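A.B. asks: Data file query.cif (mmCIF, N, CA and C atoms and all ligand atoms) is appended below.
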```cif
data_structure
#
loop_
_atom_site.label_atom_id
_atom_site.label_comp_id
_atom_site.auth_asym_id
_atom_site.auth_seq_id
_atom_site.Cartn_x
_atom_site.Cartn_y
_atom_site.Cartn_z
N MET W 1 -0.53 2.91 18.36
CA MET W 1 -0.15 2.89 16.95
C MET W 1 -1.33 2.40 16.09
N HIS W 2 -1.66 3.16 15.03
CA HIS W 2 -2.75 2.76 14.13
C HIS W 2 -2.20 2.43 12.74
N TYR W 3 -2.99 1.66 11.99
CA TYR W 3 -2.56 1.33 10.63
C TYR W 3 -3.79 1.27 9.73
N LEU W 4 -3.56 1.40 8.45
CA LEU W 4 -4.63 1.11 7.49
C LEU W 4 -4.02 0.52 6.22
N VAL W 5 -4.82 -0.30 5.56
CA VAL W 5 -4.41 -0.97 4.32
C VAL W 5 -5.48 -0.69 3.27
N TYR W 6 -5.04 -0.26 2.09
CA TYR W 6 -6.01 -0.06 1.00
C TYR W 6 -5.43 -0.60 -0.30
N VAL W 7 -6.30 -0.80 -1.26
CA VAL W 7 -5.90 -1.12 -2.63
C VAL W 7 -6.50 -0.06 -3.56
N SER W 8 -5.88 0.12 -4.71
CA SER W 8 -6.39 1.10 -5.68
C SER W 8 -5.90 0.71 -7.08
N THR W 9 -6.42 1.43 -8.07
CA THR W 9 -6.07 1.15 -9.46
C THR W 9 -5.46 2.39 -10.09
N ALA W 10 -4.29 2.23 -10.71
CA ALA W 10 -3.64 3.36 -11.38
C ALA W 10 -4.52 3.80 -12.55
N ARG W 11 -4.59 5.13 -12.79
CA ARG W 11 -5.37 5.65 -13.92
C ARG W 11 -4.79 5.18 -15.24
N HIS W 12 -3.45 5.06 -15.28
CA HIS W 12 -2.81 4.46 -16.45
C HIS W 12 -1.60 3.69 -15.94
N LEU W 13 -1.02 2.84 -16.77
CA LEU W 13 0.16 2.09 -16.35
C LEU W 13 1.30 3.08 -16.12
N LEU W 14 1.85 3.07 -14.90
CA LEU W 14 2.85 4.06 -14.55
C LEU W 14 4.24 3.57 -14.92
N ASN W 15 5.05 4.50 -15.43
CA ASN W 15 6.43 4.11 -15.72
C ASN W 15 7.29 4.30 -14.46
N GLU W 16 8.54 3.84 -14.58
CA GLU W 16 9.44 3.86 -13.44
C GLU W 16 9.60 5.28 -12.85
N ALA W 17 9.72 6.27 -13.73
CA ALA W 17 9.93 7.64 -13.26
C ALA W 17 8.71 8.15 -12.48
N GLU W 18 7.51 7.79 -12.95
CA GLU W 18 6.30 8.23 -12.27
C GLU W 18 6.18 7.56 -10.90
N LEU W 19 6.54 6.27 -10.85
CA LEU W 19 6.50 5.56 -9.57
C LEU W 19 7.52 6.15 -8.59
N MET W 20 8.71 6.47 -9.11
CA MET W 20 9.74 7.02 -8.23
C MET W 20 9.35 8.40 -7.70
N ALA W 21 8.63 9.17 -8.52
CA ALA W 21 8.16 10.49 -8.07
C ALA W 21 7.17 10.33 -6.91
N ILE W 22 6.27 9.37 -7.02
CA ILE W 22 5.31 9.11 -5.94
C ILE W 22 6.06 8.71 -4.68
N LEU W 23 7.04 7.85 -4.86
CA LEU W 23 7.78 7.31 -3.72
C LEU W 23 8.61 8.38 -3.01
N GLU W 24 9.24 9.22 -3.80
CA GLU W 24 10.08 10.27 -3.22
C GLU W 24 9.26 11.22 -2.37
N LYS W 25 8.14 11.65 -2.94
CA LYS W 25 7.24 12.55 -2.21
C LYS W 25 6.71 11.86 -0.96
N SER W 26 6.31 10.60 -1.10
CA SER W 26 5.76 9.85 0.04
C SER W 26 6.79 9.75 1.16
N ARG W 27 8.01 9.45 0.78
CA ARG W 27 9.04 9.24 1.81
C ARG W 27 9.34 10.52 2.56
N SER W 28 9.38 11.66 1.86
CA SER W 28 9.70 12.89 2.59
C SER W 28 8.53 13.31 3.48
N ARG W 29 7.31 13.20 2.97
CA ARG W 29 6.16 13.59 3.80
C ARG W 29 5.98 12.63 4.97
N ASN W 30 6.15 11.34 4.71
CA ASN W 30 5.95 10.37 5.78
C ASN W 30 7.00 10.50 6.88
N THR W 31 8.22 10.83 6.48
CA THR W 31 9.26 11.04 7.49
C THR W 31 8.84 12.19 8.41
N ALA W 32 8.34 13.27 7.80
CA ALA W 32 7.90 14.42 8.60
C ALA W 32 6.72 14.07 9.50
N ASP W 33 5.86 13.19 9.03
CA ASP W 33 4.64 12.82 9.77
C ASP W 33 4.82 11.58 10.65
N ASN W 34 6.04 11.04 10.69
CA ASN W 34 6.33 9.84 11.48
C ASN W 34 5.45 8.66 11.05
N ILE W 35 5.24 8.56 9.74
CA ILE W 35 4.46 7.45 9.16
C ILE W 35 5.43 6.46 8.53
N THR W 36 5.16 5.18 8.71
CA THR W 36 5.93 4.14 8.03
C THR W 36 4.96 3.28 7.23
N GLY W 37 5.51 2.40 6.37
CA GLY W 37 4.62 1.53 5.61
C GLY W 37 5.29 0.90 4.42
N MET W 38 4.44 0.37 3.54
CA MET W 38 4.93 -0.36 2.38
C MET W 38 3.94 -0.17 1.24
N LEU W 39 4.48 0.00 0.04
CA LEU W 39 3.66 0.16 -1.17
C LEU W 39 4.04 -0.94 -2.15
N LEU W 40 3.05 -1.71 -2.59
CA LEU W 40 3.28 -2.70 -3.64
C LEU W 40 2.59 -2.23 -4.92
N TYR W 41 3.23 -2.49 -6.05
CA TYR W 41 2.65 -2.12 -7.34
C TYR W 41 2.73 -3.32 -8.26
N LYS W 42 1.62 -3.66 -8.87
CA LYS W 42 1.62 -4.77 -9.80
C LYS W 42 0.67 -4.46 -10.95
N GLY W 43 1.21 -4.38 -12.14
CA GLY W 43 0.41 -4.24 -13.36
C GLY W 43 -0.77 -3.30 -13.23
N GLY W 44 -0.54 -2.12 -12.68
CA GLY W 44 -1.62 -1.14 -12.63
C GLY W 44 -2.42 -1.12 -11.35
N SER W 45 -2.07 -1.97 -10.38
CA SER W 45 -2.76 -1.82 -9.10
C SER W 45 -1.79 -1.64 -7.94
N PHE W 46 -2.28 -0.89 -6.95
CA PHE W 46 -1.50 -0.57 -5.76
C PHE W 46 -2.09 -1.26 -4.54
N MET W 47 -1.22 -1.61 -3.61
CA MET W 47 -1.65 -2.01 -2.27
C MET W 47 -0.69 -1.31 -1.33
N GLN W 48 -1.24 -0.64 -0.33
CA GLN W 48 -0.38 0.14 0.56
C GLN W 48 -0.84 0.01 1.99
N VAL W 49 0.14 -0.07 2.90
CA VAL W 49 -0.15 0.02 4.33
C VAL W 49 0.51 1.28 4.85
N LEU W 50 -0.23 2.01 5.68
CA LEU W 50 0.31 3.19 6.38
C LEU W 50 0.19 2.91 7.86
N GLU W 51 1.21 3.24 8.63
CA GLU W 51 1.11 3.09 10.08
C GLU W 51 1.70 4.31 10.77
N GLY W 52 1.07 4.69 11.87
CA GLY W 52 1.51 5.89 12.59
C GLY W 52 0.39 6.34 13.51
N ARG W 53 0.43 7.64 13.89
CA ARG W 53 -0.64 8.16 14.73
C ARG W 53 -1.93 8.22 13.91
N ALA W 54 -3.07 7.97 14.58
CA ALA W 54 -4.35 7.87 13.89
C ALA W 54 -4.62 9.10 13.01
N GLU W 55 -4.42 10.31 13.58
CA GLU W 55 -4.73 11.52 12.81
C GLU W 55 -3.80 11.65 11.61
N ALA W 56 -2.55 11.27 11.82
CA ALA W 56 -1.57 11.41 10.73
C ALA W 56 -1.92 10.48 9.57
N ILE W 57 -2.28 9.23 9.87
CA ILE W 57 -2.59 8.33 8.76
C ILE W 57 -3.93 8.68 8.11
N GLU W 58 -4.88 9.19 8.89
CA GLU W 58 -6.16 9.60 8.30
C GLU W 58 -5.96 10.77 7.34
N MET W 59 -5.16 11.75 7.77
CA MET W 59 -4.92 12.91 6.90
C MET W 59 -4.18 12.50 5.64
N THR W 60 -3.22 11.60 5.80
CA THR W 60 -2.45 11.15 4.64
C THR W 60 -3.34 10.36 3.70
N TYR W 61 -4.16 9.49 4.25
CA TYR W 61 -5.05 8.67 3.41
C TYR W 61 -6.04 9.57 2.65
N ALA W 62 -6.52 10.61 3.32
CA ALA W 62 -7.45 11.54 2.66
C ALA W 62 -6.75 12.21 1.48
N ARG W 63 -5.49 12.61 1.68
CA ARG W 63 -4.73 13.26 0.61
C ARG W 63 -4.47 12.29 -0.54
N ILE W 64 -4.06 11.06 -0.19
CA ILE W 64 -3.80 10.04 -1.21
C ILE W 64 -5.07 9.79 -2.04
N GLY W 65 -6.20 9.80 -1.35
CA GLY W 65 -7.49 9.53 -2.02
C GLY W 65 -7.84 10.57 -3.07
N GLN W 66 -7.28 11.79 -2.93
CA GLN W 66 -7.55 12.86 -3.91
C GLN W 66 -6.60 12.81 -5.08
N ASP W 67 -5.64 11.90 -5.05
CA ASP W 67 -4.56 11.91 -6.04
C ASP W 67 -5.05 11.36 -7.38
N PRO W 68 -4.97 12.17 -8.44
CA PRO W 68 -5.51 11.74 -9.74
C PRO W 68 -4.72 10.61 -10.41
N ARG W 69 -3.59 10.24 -9.82
CA ARG W 69 -2.82 9.15 -10.45
C ARG W 69 -3.43 7.78 -10.23
N HIS W 70 -4.38 7.70 -9.32
CA HIS W 70 -5.07 6.42 -9.12
C HIS W 70 -6.53 6.67 -8.76
N GLU W 71 -7.31 5.59 -8.72
CA GLU W 71 -8.76 5.71 -8.47
C GLU W 71 -9.27 4.43 -7.83
N GLY W 72 -10.53 4.45 -7.46
CA GLY W 72 -11.17 3.25 -6.95
C GLY W 72 -10.53 2.71 -5.67
N LEU W 73 -10.16 3.62 -4.77
CA LEU W 73 -9.55 3.15 -3.52
C LEU W 73 -10.54 2.31 -2.71
N ILE W 74 -10.05 1.20 -2.22
CA ILE W 74 -10.86 0.35 -1.34
C ILE W 74 -10.10 0.18 -0.03
N LEU W 75 -10.68 0.68 1.04
CA LEU W 75 -10.05 0.53 2.35
C LEU W 75 -10.30 -0.90 2.83
N LEU W 76 -9.23 -1.68 2.94
CA LEU W 76 -9.38 -3.09 3.31
C LEU W 76 -9.48 -3.25 4.82
N ARG W 77 -8.68 -2.48 5.52
CA ARG W 77 -8.63 -2.71 6.96
C ARG W 77 -8.00 -1.51 7.64
N LYS W 78 -8.54 -1.16 8.80
CA LYS W 78 -7.79 -0.23 9.64
C LYS W 78 -7.97 -0.64 11.08
N GLY W 79 -6.99 -0.33 11.90
CA GLY W 79 -7.06 -0.74 13.29
C GLY W 79 -5.81 -0.36 14.04
N LYS W 80 -5.67 -1.00 15.19
CA LYS W 80 -4.53 -0.71 16.06
C LYS W 80 -3.52 -1.83 15.99
N THR W 81 -2.27 -1.48 16.17
CA THR W 81 -1.23 -2.48 16.23
C THR W 81 -0.30 -2.10 17.38
N GLU W 82 0.16 -3.09 18.12
CA GLU W 82 1.02 -2.84 19.29
C GLU W 82 2.27 -2.09 18.88
N LYS W 83 2.89 -2.60 17.80
CA LYS W 83 4.11 -1.93 17.32
C LYS W 83 4.12 -1.93 15.80
N ARG W 84 4.97 -1.11 15.24
CA ARG W 84 5.04 -0.98 13.78
C ARG W 84 5.48 -2.30 13.14
N ASN W 85 4.88 -2.64 12.02
CA ASN W 85 5.31 -3.80 11.24
C ASN W 85 6.38 -3.43 10.22
N PHE W 86 6.51 -2.12 9.94
CA PHE W 86 7.46 -1.65 8.91
C PHE W 86 8.32 -0.53 9.48
N PRO W 87 8.96 -0.79 10.63
CA PRO W 87 9.63 0.30 11.34
C PRO W 87 10.75 0.96 10.54
N GLY W 88 11.35 0.22 9.61
CA GLY W 88 12.51 0.76 8.90
C GLY W 88 12.17 1.54 7.64
N TRP W 89 10.89 1.65 7.31
CA TRP W 89 10.51 2.21 6.01
C TRP W 89 9.64 3.46 6.15
N SER W 90 10.13 4.62 5.69
CA SER W 90 9.23 5.77 5.56
C SER W 90 8.21 5.44 4.46
N MET W 91 8.59 4.60 3.51
CA MET W 91 7.66 3.92 2.61
C MET W 91 8.47 2.91 1.79
N GLY W 92 8.36 1.65 2.19
CA GLY W 92 9.01 0.59 1.42
C GLY W 92 8.30 0.43 0.09
N TYR W 93 8.99 -0.08 -0.90
CA TYR W 93 8.36 -0.21 -2.22
C TYR W 93 8.84 -1.47 -2.92
N ARG W 94 7.92 -2.18 -3.52
CA ARG W 94 8.28 -3.29 -4.41
C ARG W 94 7.34 -3.29 -5.61
N ALA W 95 7.92 -3.42 -6.80
CA ALA W 95 7.12 -3.75 -7.98
C ALA W 95 7.11 -5.27 -8.02
N VAL W 96 5.94 -5.88 -7.97
CA VAL W 96 5.86 -7.33 -7.87
C VAL W 96 5.20 -7.92 -9.11
N ASN W 97 5.44 -9.22 -9.32
CA ASN W 97 4.80 -9.90 -10.44
C ASN W 97 4.09 -11.16 -9.93
N ALA W 98 3.46 -11.85 -10.84
CA ALA W 98 2.65 -13.01 -10.45
C ALA W 98 3.49 -14.07 -9.75
N ASP W 99 4.74 -14.26 -10.18
CA ASP W 99 5.60 -15.27 -9.56
C ASP W 99 5.91 -14.92 -8.11
N ASP W 100 6.18 -13.62 -7.87
CA ASP W 100 6.45 -13.18 -6.50
C ASP W 100 5.25 -13.48 -5.60
N LEU W 101 4.07 -13.17 -6.13
CA LEU W 101 2.86 -13.33 -5.32
C LEU W 101 2.53 -14.80 -5.10
N ALA W 102 2.87 -15.65 -6.08
CA ALA W 102 2.55 -17.07 -5.97
C ALA W 102 3.31 -17.72 -4.81
N LYS W 103 4.42 -17.09 -4.39
CA LYS W 103 5.21 -17.64 -3.28
C LYS W 103 4.56 -17.36 -1.92
N ILE W 104 3.60 -16.45 -1.91
CA ILE W 104 2.97 -16.09 -0.64
C ILE W 104 1.80 -17.03 -0.37
N PRO W 105 1.84 -17.71 0.79
CA PRO W 105 0.76 -18.65 1.10
C PRO W 105 -0.59 -17.95 1.01
N GLY W 106 -1.53 -18.55 0.31
CA GLY W 106 -2.87 -17.96 0.21
C GLY W 106 -3.04 -17.12 -1.03
N PHE W 107 -1.96 -16.47 -1.48
CA PHE W 107 -2.10 -15.55 -2.60
C PHE W 107 -2.31 -16.29 -3.91
N VAL W 108 -1.79 -17.52 -3.95
CA VAL W 108 -1.89 -18.33 -5.16
C VAL W 108 -3.36 -18.59 -5.53
N HIS W 109 -4.23 -18.48 -4.53
CA HIS W 109 -5.65 -18.72 -4.80
C HIS W 109 -6.35 -17.52 -5.43
N ILE W 110 -5.67 -16.37 -5.42
CA ILE W 110 -6.28 -15.19 -6.01
C ILE W 110 -6.32 -15.39 -7.53
N LYS W 111 -7.48 -15.19 -8.10
CA LYS W 111 -7.69 -15.57 -9.50
C LYS W 111 -6.73 -14.93 -10.49
N ASN W 112 -6.71 -13.60 -10.52
CA ASN W 112 -5.86 -12.97 -11.54
C ASN W 112 -4.71 -12.18 -10.93
N GLY W 113 -4.53 -12.29 -9.60
CA GLY W 113 -3.38 -11.66 -8.97
C GLY W 113 -3.48 -10.15 -8.84
N ARG W 114 -4.60 -9.56 -9.22
CA ARG W 114 -4.75 -8.12 -9.03
C ARG W 114 -5.13 -7.85 -7.58
N PHE W 115 -4.60 -6.72 -7.05
CA PHE W 115 -4.88 -6.42 -5.64
C PHE W 115 -6.36 -6.10 -5.42
N THR W 116 -7.06 -5.78 -6.50
CA THR W 116 -8.49 -5.46 -6.37
C THR W 116 -9.38 -6.70 -6.53
N ASP W 117 -8.76 -7.88 -6.58
CA ASP W 117 -9.54 -9.13 -6.61
C ASP W 117 -10.53 -9.20 -5.44
N GLN W 118 -11.71 -9.71 -5.72
CA GLN W 118 -12.70 -9.84 -4.66
C GLN W 118 -12.16 -10.69 -3.50
N ALA W 119 -11.34 -11.70 -3.83
CA ALA W 119 -10.82 -12.59 -2.78
C ALA W 119 -9.94 -11.82 -1.78
N ILE W 120 -9.22 -10.83 -2.26
CA ILE W 120 -8.39 -10.03 -1.34
C ILE W 120 -9.28 -9.09 -0.52
N ILE W 121 -10.27 -8.53 -1.21
CA ILE W 121 -11.18 -7.61 -0.52
C ILE W 121 -11.93 -8.35 0.59
N ASP W 122 -12.29 -9.60 0.31
CA ASP W 122 -12.99 -10.40 1.31
C ASP W 122 -12.08 -10.88 2.43
N ASN W 123 -10.78 -11.01 2.15
CA ASN W 123 -9.84 -11.54 3.15
C ASN W 123 -8.66 -10.59 3.30
N PRO W 124 -8.86 -9.45 3.97
CA PRO W 124 -7.80 -8.46 4.02
C PRO W 124 -6.52 -8.96 4.69
N HIS W 125 -6.61 -10.04 5.46
CA HIS W 125 -5.37 -10.55 6.07
C HIS W 125 -4.40 -11.03 4.99
N ILE W 126 -4.91 -11.45 3.83
CA ILE W 126 -4.02 -11.85 2.72
C ILE W 126 -3.18 -10.65 2.29
N ALA W 127 -3.82 -9.48 2.29
CA ALA W 127 -3.12 -8.26 1.89
C ALA W 127 -1.96 -7.98 2.84
N MET W 128 -2.25 -8.08 4.13
CA MET W 128 -1.22 -7.79 5.13
C MET W 128 -0.11 -8.84 5.04
N THR W 129 -0.46 -10.09 4.80
CA THR W 129 0.54 -11.15 4.65
C THR W 129 1.46 -10.83 3.47
N ALA W 130 0.86 -10.38 2.38
CA ALA W 130 1.65 -10.06 1.20
C ALA W 130 2.57 -8.87 1.47
N LEU W 131 2.02 -7.82 2.08
CA LEU W 131 2.84 -6.64 2.38
C LEU W 131 4.02 -7.02 3.27
N LYS W 132 3.74 -7.84 4.28
CA LYS W 132 4.82 -8.24 5.20
C LYS W 132 5.86 -9.10 4.49
N ALA W 133 5.43 -9.89 3.53
CA ALA W 133 6.36 -10.78 2.83
C ALA W 133 7.44 -9.99 2.08
N PHE W 134 7.10 -8.74 1.73
CA PHE W 134 8.07 -7.93 0.98
C PHE W 134 8.78 -6.93 1.89
N ASN W 135 8.59 -7.08 3.17
CA ASN W 135 9.20 -6.19 4.16
C ASN W 135 10.60 -6.68 4.49
N ALA W 136 11.48 -6.59 3.51
CA ALA W 136 12.85 -7.07 3.75
C ALA W 136 13.83 -6.21 2.97
C1 LIG Q 201 -0.34 5.09 -4.81
C2 LIG Q 201 0.05 6.35 -4.10
C3 LIG Q 201 0.60 6.28 -2.82
C4 LIG Q 201 0.95 7.44 -2.13
N1 LIG Q 201 1.48 7.35 -0.87
C5 LIG Q 201 1.74 8.46 -0.17
C6 LIG Q 201 2.24 8.39 1.16
O1 LIG Q 201 2.47 7.31 1.73
N2 LIG Q 201 2.46 9.56 1.81
C7 LIG Q 201 2.24 10.78 1.23
O2 LIG Q 201 2.46 11.79 1.89
N3 LIG Q 201 1.80 10.88 -0.03
C8 LIG Q 201 1.55 9.75 -0.75
N4 LIG Q 201 1.11 9.85 -2.04
C9 LIG Q 201 1.10 11.19 -2.67
C10 LIG Q 201 -0.14 11.97 -2.27
O3 LIG Q 201 -1.25 11.51 -2.99
C11 LIG Q 201 0.08 13.45 -2.56
O4 LIG Q 201 0.43 13.65 -3.90
C12 LIG Q 201 1.16 14.09 -1.73
O5 LIG Q 201 1.15 13.65 -0.40
C13 LIG Q 201 0.95 15.61 -1.77
O6 LIG Q 201 1.99 16.22 -1.14
P1 LIG Q 201 2.15 17.82 -1.25
O7 LIG Q 201 0.85 18.38 -0.75
O8 LIG Q 201 3.32 18.08 -0.35
O9 LIG Q 201 2.42 18.12 -2.69
C14 LIG Q 201 0.76 8.70 -2.75
C15 LIG Q 201 0.20 8.76 -4.04
C16 LIG Q 201 -0.14 7.61 -4.72
C17 LIG Q 201 -0.74 7.70 -6.09
#
```
Please render this file's structure as structure tokens.
C.D. replies:
Amino acid sequence: MHYLVYVSTARHLLNEAELMAILEKSRSRNTADNITGMLLYKGGSFMQVLEGRAEAIEMTYARIGQDPRHEGLILLRKGKTEKRNFPGWSMGYRAVNADDLAKIPGFVHIKNGRFTDQAIIDNPHIAMTALKAFNA
């Protein structure tokens, strides 16, 4: 089982309908591709984990990278995992705010709470901790 985690910036602030459209498409494609994961959205930035077969997540990540709804993708981490961390989600989703993130150990140190903060980029385990915290 392989996984990858990236962060990105929305081209503009997305409304609920736009986010739901992304999620609906993601869930149907990921179900077909046997991909699971979690997507967090906060004030214009995304953080997402994809897990599944290596080729499947690479192809999906390449497609996501071409999507004009966001830009500046930064791949934080990719690797192998013994078992899925998000087995129940074709794509879990949470819109989070600063208070939600402040409850996560380590996240409170992130300066402005954006997923593209240098502190997250330097410490990708914080990203995974945050994603797992919303896996419920
Ligand atoms: C932040 C973000 C996350 C996305 N996540 C996924 C995903 O997990 N799986 C997926 O298939 N598409 C995802 N997409 C959508 C893809 O970029 C792309 O629009 C879609 O897969 C194309 O599907 P189609 O070729 O069937 O139209 C995401 C898009 C954005 C902006």
A.B. asks: Which chains and residue numbers are within 6.5 Å of ligand LIG 201 (chain Q), counting all atoms listed in the file, if I want them as an MDAnalysis selection string?
C.D. replies: chainID W and resid 22 25:30 46 60 63:67 69:70 91
A.B. asks: Using only N, CA and C atoms, which of the listed residues (W:Glu18, W:Ile110, W:Val7, W:Tyr41) sits closest to Asn97 (chain W)?
C.D. replies: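 Checking each of W:Glu18, W:Ile110, W:Val7, W:Tyr41 against Asn97 (chain W), counting only N, CA and C atoms, the winner is W:Tyr41.
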A.B. asks: Counting all atoms listed in the file, which residues of region 61-91 of chain W fall within 8 Å of region 117-122 of chain W, and what is the closest atom pair for each with its distance in Å at one decimal, ordered by chain and rising number, as a tab-separated table?
C.D. replies:
```
residue	atom	partner	partner_atom	distance
W:Ile74	C	W:Ile121	CA	7.9
W:Leu75	C	W:Ile121	CA	7.6
W:Leu76	CA	W:Ile121	CA	6.2
```
A.B. asks: Work out how far atom C of Gly72 (chain W) is from CA of Ala136 (chain W), in Å to one decimal.
C.D. replies: 27.0 Å
A.B. asks: Which one is closest to Gly44 (chain W): W:Gly79, W:Lys103, W:Ser8, W:Phe86? Count all atoms listed in the file.
C.D. replies: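 Once distances to Gly44 (chain W) are computed over all atoms listed in the file, the minimum belongs to W:Ser8.
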A.B. asks: Excluding Asn135 (chain W) and its own-chain neighbours fewer than 5 positions away, which residues fall within 8 Å of it when counting all atoms listed in the file? Please give them as a PyMOL selection string.
C.D. replies: chain W and resi 38+85-86+92-93+130
